[in-house]
Every structure is written in structure tokens, then in C-alpha cells.
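As C-alpha cells, the structure follows; a few thoughts come after it.
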Amino acid sequence: MSVTKRSALALVAAAALGLAAQVNAPTAPADPGADSQTDVAPAPGDGLQHNVTYRARADGTSRGAVVSYKIDDTNVNSDQPTLLPGATFEVNTVLSDPKLAGMTVSIEWPYGSNLHCEILVDDEIVAQADQFIAPRLFRVKDDPLYGTLQCGAALDSPMPDAPAQEAPPAEGAAPAAA
């Protein structure tokens with residue numbers, strides 16, 4: 001064997017030994033005296049992030065459609081898609097508490113349509129609703145939500161940890177004692 005071949009083999013063997021030593025080296029904690037517990041509070045629910053898919057469909061004349069949905073645990077987003085028959089509006093988001101997933105689908109008066117909505121959490125349907133909205137010549141005065149379909153959790157409900165708002169005292173009522 002030539003000297004060049006021997007030195008090349010020696011270099012390869014040394015590199016392999018060095019790599020093996022680094023791979024098998026034990027890891028040391030950054031601060032051996034530190035406790036392994038973290039100070040971060042877990043998220044509400046089960047502490048996991050959940051993939052949420054919102055789907056909405058209108059089978060009929062549905063101009064002025066508005067789809068509102070929970071974009072995260074505290075915020076609501078709205079879109080104005082063109083919901084033609086056969087077209088489906090779909091949006092994905094991530095929530096830490098899947099019980100907060102909710103959406104509403106509404107169309108403009110005087111149009112009518114079959115509205116359909118569904119909510120999937122981690123690829124499983126957790127809420128689904130269908131409603132026929134009849135076309136109307138006049139606005140419905142006793143039902144302000146006519147033309148609206150709600151699916152899942154209510155979008156306007158307060159957070160469970162939010163403090164309750166006190167109602168203002170009735171006029172002429174005595175002030176509360178402190």
C-alpha cells in the first residue's frame with residue numbers, strides 16, 4: 001500500500017472515530033441544579049393545539065353571504081365569499097380549546113337558499129347544521145337572525161374566565177352599600 005493511501009485511510013478512520021465519539025457523548029443539562037418544571041401555565045382545554053376546519057355551503061341564490069368563525073381562542077374573523085351552488089367555503093385554523101369552535105353563515109334578504117355548515121376538529125366532524133332560508137318579499141321583523149345559520153359554539157359568548165359585567169342599577173333604586 002502506498003503512503004498516500006495509508007494516510008487517506010488513517011484520516012477516514014480518525015474522522016469516523018471522532019464522529020462516533022460525538023454521537024455517543026452524554027448530554028449534560030444546562031443548569032444541573034435547576035428544577036425540570038416550567039412556569040408556563042397550560043392552555044385551556046387539554047393543553048394541545050387542535051386543527052379546526054370550517055366549511056360553509058349555500059345551495060341556491062345567496063348574494064351577500066357572510067361567514068364568521070373563531071380564528072383563535074379569543075378572536076372572530078368574517079369573510080364574504082361568493083357562495084354559488086356547488087361551491088364550498090373552507091378555512092383552517094388552530095385552537096387550543098376545540099369547544100370554542102363556532103361559526104355563523106348568513107345571506108342577504110330577500111334571497112333564499114339551503115345553508116349548510118360543518119366544523120371539523122382534527123379531521124372529525126364535531127358540529128354540522130342545515131337550514132332552509134325561504135326567499136322573502138319583506139323583512140322579518142320579529143326574527144333579527146332570519147337568514148342566519150349557527151354551527152358549533154356561539155361566537156358572542158364571553159370567555160369563561162372573563163369577569164361578569166354588573167348590570168347598571170335601575171332608575172330610582174337605592175345605591176348598593178359598600
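Going by the C-alpha cells order, chains are called A, B, ..., each with residues numbered from 1, while ligands are numbered from 1 in the order shown.
Within 8 Å of range 85-94 of chain A there are Gln49, His50, Asn51, Val52, Thr53, Tyr54, Arg55, Ala56, Arg57, Ala58, Asp59, Gly60, Thr61, Ile71 and Asp72 of chain A, counting only C-alpha atoms and ignoring same-chain residues fewer than 5 positions away.
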Take the residues just selected and output them with N, CA, C and O atoms as a PDB file, in the first residue's frame.
ATOM      1  N   GLN A  49     -52.850  21.737  20.847  1.00  0.00           N
ATOM      2  CA  GLN A  49     -53.384  22.566  19.768  1.00  0.00           C
ATOM      3  C   GLN A  49     -54.180  21.661  18.828  1.00  0.00           C
ATOM      4  O   GLN A  49     -53.757  20.558  18.522  1.00  0.00           O
ATOM      5  N   HIS A  50     -55.344  22.130  18.397  1.00  0.00           N
ATOM      6  CA  HIS A  50     -56.225  21.320  17.560  1.00  0.00           C
ATOM      7  C   HIS A  50     -56.437  22.017  16.218  1.00  0.00           C
ATOM      8  O   HIS A  50     -56.698  23.219  16.164  1.00  0.00           O
ATOM      9  N   ASN A  51     -56.334  21.249  15.134  1.00  0.00           N
ATOM     10  CA  ASN A  51     -56.625  21.761  13.800  1.00  0.00           C
ATOM     11  C   ASN A  51     -58.134  21.825  13.622  1.00  0.00           C
ATOM     12  O   ASN A  51     -58.830  20.835  13.835  1.00  0.00           O
ATOM     13  N   VAL A  52     -58.623  22.989  13.237  1.00  0.00           N
ATOM     14  CA  VAL A  52     -60.058  23.192  13.059  1.00  0.00           C
ATOM     15  C   VAL A  52     -60.305  23.611  11.614  1.00  0.00           C
ATOM     16  O   VAL A  52     -59.626  24.491  11.097  1.00  0.00           O
ATOM     17  N   THR A  53     -61.266  22.956  10.975  1.00  0.00           N
ATOM     18  CA  THR A  53     -61.660  23.288   9.607  1.00  0.00           C
ATOM     19  C   THR A  53     -63.125  23.707   9.627  1.00  0.00           C
ATOM     20  O   THR A  53     -63.972  22.988  10.148  1.00  0.00           O
ATOM     21  N   TYR A  54     -63.396  24.896   9.077  1.00  0.00           N
ATOM     22  CA  TYR A  54     -64.764  25.394   8.950  1.00  0.00           C
ATOM     23  C   TYR A  54     -65.162  25.272   7.483  1.00  0.00           C
ATOM     24  O   TYR A  54     -64.411  25.671   6.602  1.00  0.00           O
ATOM     25  N   ARG A  55     -66.362  24.730   7.227  1.00  0.00           N
ATOM     26  CA  ARG A  55     -66.882  24.610   5.861  1.00  0.00           C
ATOM     27  C   ARG A  55     -68.288  25.194   5.818  1.00  0.00           C
ATOM     28  O   ARG A  55     -69.096  24.946   6.707  1.00  0.00           O
ATOM     29  N   ALA A  56     -68.571  25.931   4.744  1.00  0.00           N
ATOM     30  CA  ALA A  56     -69.904  26.506   4.548  1.00  0.00           C
ATOM     31  C   ALA A  56     -70.285  26.351   3.087  1.00  0.00           C
ATOM     32  O   ALA A  56     -69.442  26.456   2.192  1.00  0.00           O
ATOM     33  N   ARG A  57     -71.581  26.097   2.876  1.00  0.00           N
ATOM     34  CA  ARG A  57     -72.083  25.912   1.517  1.00  0.00           C
ATOM     35  C   ARG A  57     -73.498  26.462   1.451  1.00  0.00           C
ATOM     36  O   ARG A  57     -74.261  26.379   2.413  1.00  0.00           O
ATOM     37  N   ALA A  58     -73.851  27.046   0.324  1.00  0.00           N
ATOM     38  CA  ALA A  58     -75.214  27.524   0.094  1.00  0.00           C
ATOM     39  C   ALA A  58     -75.664  26.963  -1.251  1.00  0.00           C
ATOM     40  O   ALA A  58     -75.004  27.175  -2.265  1.00  0.00           O
ATOM     41  N   ASP A  59     -76.759  26.234  -1.247  1.00  0.00           N
ATOM     42  CA  ASP A  59     -77.306  25.655  -2.470  1.00  0.00           C
ATOM     43  C   ASP A  59     -78.524  26.470  -2.879  1.00  0.00           C
ATOM     44  O   ASP A  59     -79.643  26.172  -2.482  1.00  0.00           O
ATOM     45  N   GLY A  60     -78.284  27.518  -3.617  1.00  0.00           N
ATOM     46  CA  GLY A  60     -79.368  28.386  -4.053  1.00  0.00           C
ATOM     47  C   GLY A  60     -78.837  29.795  -4.254  1.00  0.00           C
ATOM     48  O   GLY A  60     -77.634  30.039  -4.237  1.00  0.00           O
ATOM     49  N   THR A  61     -79.751  30.745  -4.430  1.00  0.00           N
ATOM     50  CA  THR A  61     -79.368  32.138  -4.618  1.00  0.00           C
ATOM     51  C   THR A  61     -78.995  32.722  -3.273  1.00  0.00           C
ATOM     52  O   THR A  61     -79.824  32.776  -2.366  1.00  0.00           O
ATOM     53  N   ILE A  71     -61.242  32.439  14.774  1.00  0.00           N
ATOM     54  CA  ILE A  71     -59.935  32.284  14.141  1.00  0.00           C
ATOM     55  C   ILE A  71     -58.908  31.810  15.165  1.00  0.00           C
ATOM     56  O   ILE A  71     -57.945  31.143  14.830  1.00  0.00           O
ATOM     57  N   ASP A  72     -59.111  32.131  16.438  1.00  0.00           N
ATOM     58  CA  ASP A  72     -58.299  31.607  17.535  1.00  0.00           C
ATOM     59  C   ASP A  72     -59.181  31.591  18.769  1.00  0.00           C
ATOM     60  O   ASP A  72     -60.385  31.766  18.673  1.00  0.00           O
TER      61      ASP A  72
END
Requested in this report: Write out as a PyMOL selection string all residues of range 25-137 of chain A that DSSP puts in strand (DSSP E) for this structure's backbone.
Outcome: chain A and resi 50-60+66-70+76-79+88-95+102-106+113-121+124-133
Dump as a short mmCIF file (atom, residue, chain, number, x, y, z; two decimals), in the first residue's frame, selection limited to N, CA and C atoms:
data_model
loop_
_atom_site.label_atom_id
_atom_site.label_comp_id
_atom_site.auth_asym_id
_atom_site.auth_seq_id
_atom_site.Cartn_x
_atom_site.Cartn_y
_atom_site.Cartn_z
N HIS A 50 -55.34 22.13 18.40
CA HIS A 50 -56.22 21.32 17.56
C HIS A 50 -56.44 22.02 16.22
N ASN A 51 -56.33 21.25 15.13
CA ASN A 51 -56.63 21.76 13.80
C ASN A 51 -58.13 21.83 13.62
N VAL A 52 -58.62 22.99 13.24
CA VAL A 52 -60.06 23.19 13.06
C VAL A 52 -60.30 23.61 11.61
N THR A 53 -61.27 22.96 10.98
CA THR A 53 -61.66 23.29 9.61
C THR A 53 -63.12 23.71 9.63
N TYR A 54 -63.40 24.90 9.08
CA TYR A 54 -64.76 25.39 8.95
C TYR A 54 -65.16 25.27 7.48
N ARG A 55 -66.36 24.73 7.23
CA ARG A 55 -66.88 24.61 5.86
C ARG A 55 -68.29 25.19 5.82
N ALA A 56 -68.57 25.93 4.74
CA ALA A 56 -69.90 26.51 4.55
C ALA A 56 -70.29 26.35 3.09
N ARG A 57 -71.58 26.10 2.88
CA ARG A 57 -72.08 25.91 1.52
C ARG A 57 -73.50 26.46 1.45
N ALA A 58 -73.85 27.05 0.32
CA ALA A 58 -75.21 27.52 0.09
C ALA A 58 -75.66 26.96 -1.25
N ASP A 59 -76.76 26.23 -1.25
CA ASP A 59 -77.31 25.65 -2.47
C ASP A 59 -78.52 26.47 -2.88
N GLY A 60 -78.28 27.52 -3.62
CA GLY A 60 -79.37 28.39 -4.05
C GLY A 60 -78.84 29.79 -4.25
N VAL A 66 -72.17 36.09 4.34
CA VAL A 66 -71.14 36.42 5.32
C VAL A 66 -70.91 35.19 6.18
N VAL A 67 -69.63 34.77 6.29
CA VAL A 67 -69.26 33.64 7.13
C VAL A 67 -68.36 34.18 8.23
N SER A 68 -68.79 34.01 9.48
CA SER A 68 -68.00 34.43 10.64
C SER A 68 -67.58 33.18 11.40
N TYR A 69 -66.34 33.17 11.91
CA TYR A 69 -65.82 31.98 12.57
C TYR A 69 -64.73 32.37 13.57
N LYS A 70 -64.50 31.49 14.54
CA LYS A 70 -63.43 31.69 15.53
C LYS A 70 -62.09 31.42 14.86
N VAL A 76 -62.73 36.57 16.45
CA VAL A 76 -63.65 36.13 15.41
C VAL A 76 -63.27 36.83 14.11
N ASN A 77 -63.29 36.09 13.01
CA ASN A 77 -62.99 36.63 11.70
C ASN A 77 -64.22 36.47 10.81
N SER A 78 -64.39 37.35 9.84
CA SER A 78 -65.51 37.27 8.90
C SER A 78 -64.99 37.34 7.48
N ASP A 79 -65.62 36.59 6.60
CA ASP A 79 -65.33 36.61 5.16
C ASP A 79 -66.63 36.77 4.42
N THR A 88 -67.89 25.46 -2.14
CA THR A 88 -67.78 25.34 -0.68
C THR A 88 -66.71 26.30 -0.19
N PHE A 89 -67.07 27.08 0.83
CA PHE A 89 -66.10 27.94 1.51
C PHE A 89 -65.43 27.10 2.58
N GLU A 90 -64.10 27.13 2.64
CA GLU A 90 -63.38 26.36 3.65
C GLU A 90 -62.21 27.17 4.17
N VAL A 91 -62.01 27.13 5.48
CA VAL A 91 -60.88 27.82 6.10
C VAL A 91 -60.38 26.96 7.25
N ASN A 92 -59.05 26.98 7.47
CA ASN A 92 -58.43 26.20 8.54
C ASN A 92 -57.80 27.13 9.56
N THR A 93 -57.82 26.71 10.82
CA THR A 93 -57.19 27.46 11.89
C THR A 93 -56.76 26.49 12.98
N VAL A 94 -56.20 27.02 14.05
CA VAL A 94 -55.75 26.20 15.17
C VAL A 94 -56.32 26.80 16.46
N LEU A 95 -56.95 25.95 17.27
CA LEU A 95 -57.49 26.37 18.56
C LEU A 95 -56.94 25.47 19.66
N GLY A 102 -66.70 27.69 16.54
CA GLY A 102 -68.05 28.06 16.17
C GLY A 102 -68.05 28.94 14.94
N MET A 103 -69.16 28.93 14.22
CA MET A 103 -69.29 29.76 13.03
C MET A 103 -70.75 30.10 12.77
N THR A 104 -70.97 31.17 12.00
CA THR A 104 -72.30 31.52 11.52
C THR A 104 -72.20 31.78 10.02
N VAL A 105 -73.26 31.42 9.32
CA VAL A 105 -73.38 31.66 7.89
C VAL A 105 -74.67 32.44 7.69
N SER A 106 -74.59 33.56 6.98
CA SER A 106 -75.81 34.34 6.74
C SER A 106 -75.84 34.82 5.30
N SER A 113 -82.02 30.18 0.28
CA SER A 113 -81.05 29.15 -0.06
C SER A 113 -81.09 28.06 0.99
N ASN A 114 -80.52 26.91 0.66
CA ASN A 114 -80.24 25.88 1.66
C ASN A 114 -78.85 26.16 2.19
N LEU A 115 -78.72 26.49 3.46
CA LEU A 115 -77.42 26.75 4.06
C LEU A 115 -76.93 25.49 4.76
N HIS A 116 -75.64 25.23 4.64
CA HIS A 116 -75.02 24.07 5.29
C HIS A 116 -73.69 24.52 5.88
N CYS A 117 -73.42 24.08 7.10
CA CYS A 117 -72.12 24.35 7.71
C CYS A 117 -71.66 23.13 8.49
N GLU A 118 -70.36 22.98 8.59
CA GLU A 118 -69.79 21.91 9.41
C GLU A 118 -68.44 22.35 9.94
N ILE A 119 -68.12 21.81 11.12
CA ILE A 119 -66.86 22.11 11.79
C ILE A 119 -66.16 20.78 12.04
N LEU A 120 -64.91 20.70 11.60
CA LEU A 120 -64.09 19.51 11.83
C LEU A 120 -62.97 19.88 12.80
N VAL A 121 -62.77 19.06 13.82
CA VAL A 121 -61.65 19.23 14.74
C VAL A 121 -60.78 17.99 14.60
N GLU A 124 -62.27 15.28 12.34
CA GLU A 124 -63.52 14.63 12.73
C GLU A 124 -64.61 15.68 12.85
N ILE A 125 -65.77 15.39 12.26
CA ILE A 125 -66.88 16.35 12.31
C ILE A 125 -67.41 16.43 13.74
N VAL A 126 -67.40 17.65 14.32
CA VAL A 126 -67.90 17.84 15.68
C VAL A 126 -69.20 18.64 15.69
N ALA A 127 -69.50 19.37 14.62
CA ALA A 127 -70.74 20.12 14.54
C ALA A 127 -71.15 20.23 13.07
N GLN A 128 -72.46 20.13 12.84
CA GLN A 128 -72.98 20.21 11.48
C GLN A 128 -74.40 20.72 11.56
N ALA A 129 -74.78 21.60 10.64
CA ALA A 129 -76.14 22.14 10.65
C ALA A 129 -76.58 22.44 9.23
N ASP A 130 -77.88 22.32 9.00
CA ASP A 130 -78.51 22.64 7.73
C ASP A 130 -79.77 23.43 8.01
N GLN A 131 -80.06 24.41 7.15
CA GLN A 131 -81.28 25.18 7.32
C GLN A 131 -81.71 25.74 5.98
N PHE A 132 -83.00 25.66 5.71
CA PHE A 132 -83.55 26.26 4.51
C PHE A 132 -84.00 27.68 4.85
N ILE A 133 -83.50 28.63 4.08
CA ILE A 133 -83.90 30.03 4.24
C ILE A 133 -84.78 30.35 3.04
#
Query raised in the report: In Å to one decimal, how far is CA of Tyr146 in chain A from CA of Pro110 in chain A?
Result: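 Pair CA of Pro110 in chain A / CA of Tyr146 in chain A returns 10.4 Å.
CA of Glu108 in chain A sits 20.4 Å away from CA of Asp156 in chain A.
Between Lys99 in chain A and the residues A:Gln80, A:Gly112, A:Asp73, A:Ala65, the shortest atom-to-atom distance, using only C-alpha atoms, involves A:Asp73.
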